[in-house]
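Shown here: protein-v5.txt, compact mmCIF, C-alpha atoms.
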# COMPACT_ATOMS: atom_id res chain seq x y z
CA MET A 11 76.32 120.16 136.24
CA VAL A 12 80.10 120.25 135.72
CA GLU A 13 79.89 116.91 133.88
CA GLU A 14 77.29 118.26 131.44
CA GLN A 15 79.32 121.40 130.84
CA LEU A 16 82.48 119.36 130.23
CA ALA A 17 80.68 117.13 127.71
CA ASN A 18 79.15 120.13 125.96
CA VAL A 19 82.42 122.08 125.76
CA LEU A 20 84.24 118.97 124.54
CA GLY A 21 81.63 118.61 121.78
CA ALA A 22 82.01 122.24 120.77
CA PHE A 23 85.80 121.92 120.68
CA ALA A 24 85.63 118.66 118.71
CA LEU A 25 83.42 120.34 116.13
CA ALA A 26 85.71 123.37 115.89
CA LEU A 27 88.76 121.17 115.51
CA THR A 28 87.05 119.02 112.88
CA ASP A 29 86.05 122.12 110.93
CA GLU A 30 89.62 123.45 111.03
CA MET A 31 91.23 120.15 109.99
CA GLU A 32 88.76 119.32 107.25
CA GLY A 33 88.75 122.87 105.96
CA ALA A 34 92.55 122.96 105.74
CA ALA A 35 92.77 119.54 104.07
CA GLU A 36 89.91 120.24 101.67
CA LYS A 37 91.33 123.63 100.71
CA ALA A 38 94.72 122.07 99.97
CA ALA A 39 93.07 119.24 98.02
CA GLY A 40 90.56 121.28 96.11
CA ARG A 41 88.02 118.59 96.96
CA SER A 42 85.82 117.79 99.92
CA GLY A 43 84.96 114.94 102.22
CA ALA A 44 85.85 111.40 101.34
CA GLY A 45 87.91 112.34 98.27
CA ALA A 46 90.30 114.39 100.38
CA ALA A 47 90.56 111.68 103.04
CA ALA A 48 91.09 109.01 100.35
CA VAL A 49 94.14 110.78 98.96
CA VAL A 50 95.78 110.92 102.39
CA ALA A 51 94.79 107.35 103.27
CA LEU A 52 96.22 106.02 99.99
CA SER A 53 99.51 107.80 100.60
CA GLU A 54 100.41 105.71 103.65
CA LEU A 55 97.94 103.42 105.38
CA LEU A 56 96.19 101.99 102.33
CA ALA A 57 98.79 102.14 99.56
CA GLY A 58 98.28 99.06 97.36
CA ARG A 59 94.99 98.12 99.01
CA SER A 60 91.58 97.57 97.40
CA VAL A 61 88.66 99.85 96.66
CA ASP A 62 86.74 98.01 99.37
CA ASP A 63 89.43 98.76 101.97
CA LEU A 64 89.53 102.41 100.93
CA ARG A 65 85.77 102.89 100.96
CA ARG A 66 85.58 101.44 104.48
CA ALA A 67 88.34 103.75 105.66
CA VAL A 68 86.55 106.86 104.42
CA GLY A 69 83.04 105.68 105.29
CA LEU A 70 81.44 105.14 101.88
CA THR A 71 79.22 102.49 100.34
CA HIS A 72 80.77 100.19 97.75
CA SER A 73 79.27 102.15 94.85
CA GLY A 74 80.35 105.45 96.45
CA GLY A 75 83.87 104.09 96.84
CA VAL A 76 84.02 103.04 93.18
CA ARG A 77 82.81 106.49 92.05
CA MET A 78 85.35 108.21 94.30
CA VAL A 79 88.20 106.07 92.91
CA ASP A 80 86.97 106.76 89.37
CA ARG A 81 87.23 110.51 90.09
CA LEU A 82 90.71 110.17 91.59
CA VAL A 83 91.86 108.18 88.54
CA THR A 84 90.25 110.65 86.12
CA ASP A 85 91.94 113.53 87.98
CA GLY A 86 95.32 111.80 87.63
CA LEU A 87 95.76 111.35 91.38
CA ALA A 88 95.45 107.56 91.63
CA GLU A 89 95.78 104.50 89.47
CA ARG A 90 94.47 100.97 89.54
CA ARG A 91 97.01 98.14 89.46
CA PRO A 92 96.64 94.37 89.51
CA GLY A 93 95.97 93.08 93.01
CA ALA A 94 97.88 90.38 94.83
CA ASP A 95 95.60 87.52 93.77
CA GLY A 96 94.88 88.53 90.17
CA ARG A 97 91.17 89.01 90.90
CA THR A 98 91.44 92.22 92.86
CA VAL A 99 92.59 95.71 92.02
CA ALA A 100 95.20 97.52 94.08
CA LEU A 101 95.12 101.31 94.35
CA ALA A 102 98.14 103.57 94.32
CA LEU A 103 98.69 107.29 94.16
CA THR A 104 100.40 108.82 91.17
CA PRO A 105 103.23 111.31 91.73
CA ALA A 106 100.62 114.10 91.55
CA GLY A 107 98.52 112.27 94.15
CA ARG A 108 101.51 111.87 96.47
CA ARG A 109 102.29 115.60 96.18
CA LEU A 110 98.67 116.45 96.94
CA ALA A 111 98.63 114.12 99.96
CA GLU A 112 101.74 115.85 101.31
CA GLN A 113 100.15 119.29 100.81
CA MET A 114 97.05 118.10 102.66
CA ARG A 115 99.09 116.67 105.55
CA ASP A 116 101.00 119.97 105.77
CA ALA A 117 97.74 121.97 105.81
CA ARG A 118 96.27 119.71 108.51
CA HIS A 119 99.49 119.94 110.50
CA SER A 120 99.39 123.75 110.39
CA ALA A 121 95.74 123.85 111.45
CA LEU A 122 96.37 121.53 114.40
CA HIS A 123 99.47 123.38 115.54
CA GLY A 124 97.52 126.62 115.37
CA VAL A 125 95.05 125.17 117.86
CA LEU A 126 97.80 123.86 120.17
CA ASP A 127 99.73 127.14 120.19
CA VAL A 128 97.72 128.38 123.18
CA LEU A 129 99.08 125.57 125.41
CA ASP A 130 102.37 125.55 127.29
CA ASP A 131 104.60 122.44 127.47
CA ARG A 132 103.03 121.15 130.70
CA GLU A 133 99.53 121.50 129.27
CA ARG A 134 100.58 119.76 126.05
CA ASP A 135 102.03 116.82 128.00
CA ALA A 136 98.82 116.49 130.04
CA LEU A 137 96.68 116.73 126.92
CA ALA A 138 98.77 114.05 125.17
CA GLY A 139 97.99 111.54 127.92
CA VAL A 140 94.30 112.37 127.92
CA LEU A 141 94.08 112.15 124.12
CA ASP A 142 95.82 108.77 124.03
CA LYS A 143 93.22 107.46 126.46
CA LEU A 144 90.28 109.03 124.58
CA VAL A 145 91.46 107.81 121.16
CA GLY A 146 91.96 104.30 122.51
CA ALA A 147 88.43 104.33 123.95
CA ALA A 148 86.99 105.69 120.68
CA VAL A 149 88.65 102.90 118.70
CA ALA A 150 87.36 100.29 121.15
CA ARG A 151 83.79 101.65 120.80
CA ARG A 152 84.07 101.60 117.01
CA LEU A 153 85.38 98.03 117.00
CA ASP A 154 82.53 96.97 119.29
CA ALA A 155 80.03 98.64 116.96
CA ARG A 156 81.51 96.87 113.93
CA ALA A 157 81.40 93.54 115.77
CA ALA A 158 77.71 94.21 116.47
CA GLY A 159 77.08 94.84 112.77
CA VAL A 160 76.83 98.63 113.08
CA ASP A 161 78.89 100.84 110.77
CA PRO A 162 80.51 103.53 112.98
CA GLY A 163 81.86 105.45 109.99
CA GLY A 164 85.32 105.84 108.53
CA TRP A 165 88.63 105.13 110.20
CA LEU A 166 89.89 107.62 112.75
CA CYS A 167 93.27 107.59 110.98
CA ARG A 168 91.94 108.51 107.55
CA LEU A 169 93.57 111.96 107.62
CA CYS A 170 96.46 111.11 109.95
CA ASP A 171 100.17 111.28 109.39
CA PRO A 172 101.25 107.82 110.64
CA VAL A 173 104.84 108.92 111.14
CA ALA A 174 103.80 111.91 113.28
CA CYS A 175 101.66 109.74 115.57
CA GLY A 176 104.43 107.20 116.04
CA ARG A 177 102.69 104.31 114.29
CA PRO A 178 105.95 102.76 112.96
CA GLU A 179 107.38 102.76 116.51
CA GLY A 180 104.21 101.33 118.07
CA ARG A 181 103.16 104.62 119.73
CA CYS A 182 99.89 105.27 117.84
CA PRO A 183 97.00 105.06 120.33
CA ALA A 184 94.50 104.12 117.61
CA ALA A 185 96.63 101.29 116.19
CA ASN A 186 97.48 100.07 119.68
CA ALA A 187 93.81 100.00 120.69
CA ALA A 188 92.87 98.20 117.47
CA ALA A 189 95.58 95.61 118.15
CA GLY A 190 94.21 95.08 121.63
CA GLY A 191 97.08 96.77 123.42

How would this structure read if it were set down as structure tokens?
Amino acid sequence: MVEEQLANVLGAFALALTDEMEGAAEKAAGRSGAGAAAVVALSELLAGRSVDDLRRAVGLTHSGGVRMVDRLVTDGLAERRPGADGRTVALALTPAGRRLAEQMRDARHSALHGVLDVLDDRERDALAGVLDKLVGAAVARRLDARAAGVDPGGWLCRLCDPVACGRPEGRCPAANAAAGG
């Protein structure tokens, strides 16, 4: 019975946390769903990458990704540039898009810290270890699903701040799991 309760409470907390993060990011962005995630993803992880890369990261079809990029370009948040091979298009945020991505990261940061405020330092340290393990396992499951031809949805890091998670120093549990480490 304890196992079922743990799973149920974890699900309720995950939903509450998702609602808080997405609500904060969407409020800061003035847009919802994939458009908000695309702005953040283009600011760091996917700067200079293709529409196809972006649409995969935010969990859209090809046509949905093209429409989303069209809206971002029309809104003055992103621009299309020539890709590396001359046949592709690279995406980049405009200065307005970079400012919006920073506002969204700040809003997400505030929402997450508000949730963590109830924990003391010992509890935060314990949670950090558990979360690293859970994120690594989630990435492994998603990679297995993709290898089996199943689309598990967008990237876990689509709203992340790569600097905050330690990605440049090799401390990001999602990137480490994806790299097989």

Looking at A:Ala185, A:Leu166, A:Val19, A:Ala39, which one is nearest to Ala117 (chain A), with distances taken over only C-alpha atoms?
A:Ala39

Under the rule that all atoms listed in the file are counted, which of A:Gly124, A:Gly139, A:Gly164, A:Gly107 is the nearest residue to Thr71 (chain A)?
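Comparing A:Gly124, A:Gly139, A:Gly164, A:Gly107 against Thr71 (chain A), the winner is A:Gly164.
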
Contacts of Ala121 (chain A) at 7 Å or less, counting only C-alpha atoms, minus same-chain residues fewer than 3 places along, as number ranges by chain?
A: 30-31, 34, 117-118, 124-125

Export of the given selection (C-alpha atoms) as a PDB file, in the coordinates of the input:
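The resulting file, again-v2.pdb, is shown below:
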ATOM      1  CA  GLU A  30      89.620 123.450 111.030  1.00  0.00           C
ATOM      2  CA  MET A  31      91.230 120.150 109.990  1.00  0.00           C
ATOM      3  CA  ALA A  34      92.550 122.960 105.740  1.00  0.00           C
ATOM      4  CA  ALA A 117      97.740 121.970 105.810  1.00  0.00           C
ATOM      5  CA  ARG A 118      96.270 119.710 108.510  1.00  0.00           C
ATOM      6  CA  GLY A 124      97.520 126.620 115.370  1.00  0.00           C
ATOM      7  CA  VAL A 125      95.050 125.170 117.860  1.00  0.00           C
TER       8      VAL A 125
END

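Take the candidates A:Ala24, A:Leu87, A:Val149, A:Leu126 and check each one against Pro183 (chain A) using only C-alpha atoms; the shortest distance goes to A:Val149.
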
Kindly compute an axis-aligned box around the listed atoms of region 37-47 of chain A, allowing 8 Å on each side, and express its centre and edge lengths in Å to one decimal as JSON.
{"center_x": 89.8, "center_y": 117.5, "center_z": 99.6, "size_x": 25.8, "size_y": 28.2, "size_z": 22.9}

Nearby residues (all atoms listed in the file) at most 9 Å from Met114 (chain A), same-chain spacing under 2 positions excluded, as a list in words:
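The filter keeps Ala34, Ala35, Glu36, Lys37, Ala38, Ala39, Ala46, Val49, Val50, Arg109, Leu110, Ala111, Glu112, Asp116, Ala117, Arg118, His119 and Leu169 of chain A.
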
CA of Leu20 (chain A) to CA of Arg168 (chain A) measures 21.4 Å

What is the distance between CA of Ala158 (chain A) and CA of Leu56 (chain A), in Å to one decimal?
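That distance, rounded to one decimal, is 24.5 Å.
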
Mind giving me the straight-line distance from CA of Met78 (chain A) to CA of Gly58 (chain A) in Å, one decimal?
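Value for the CA of Met78 (chain A)-CA of Gly58 (chain A) distance: 16.1 Å.
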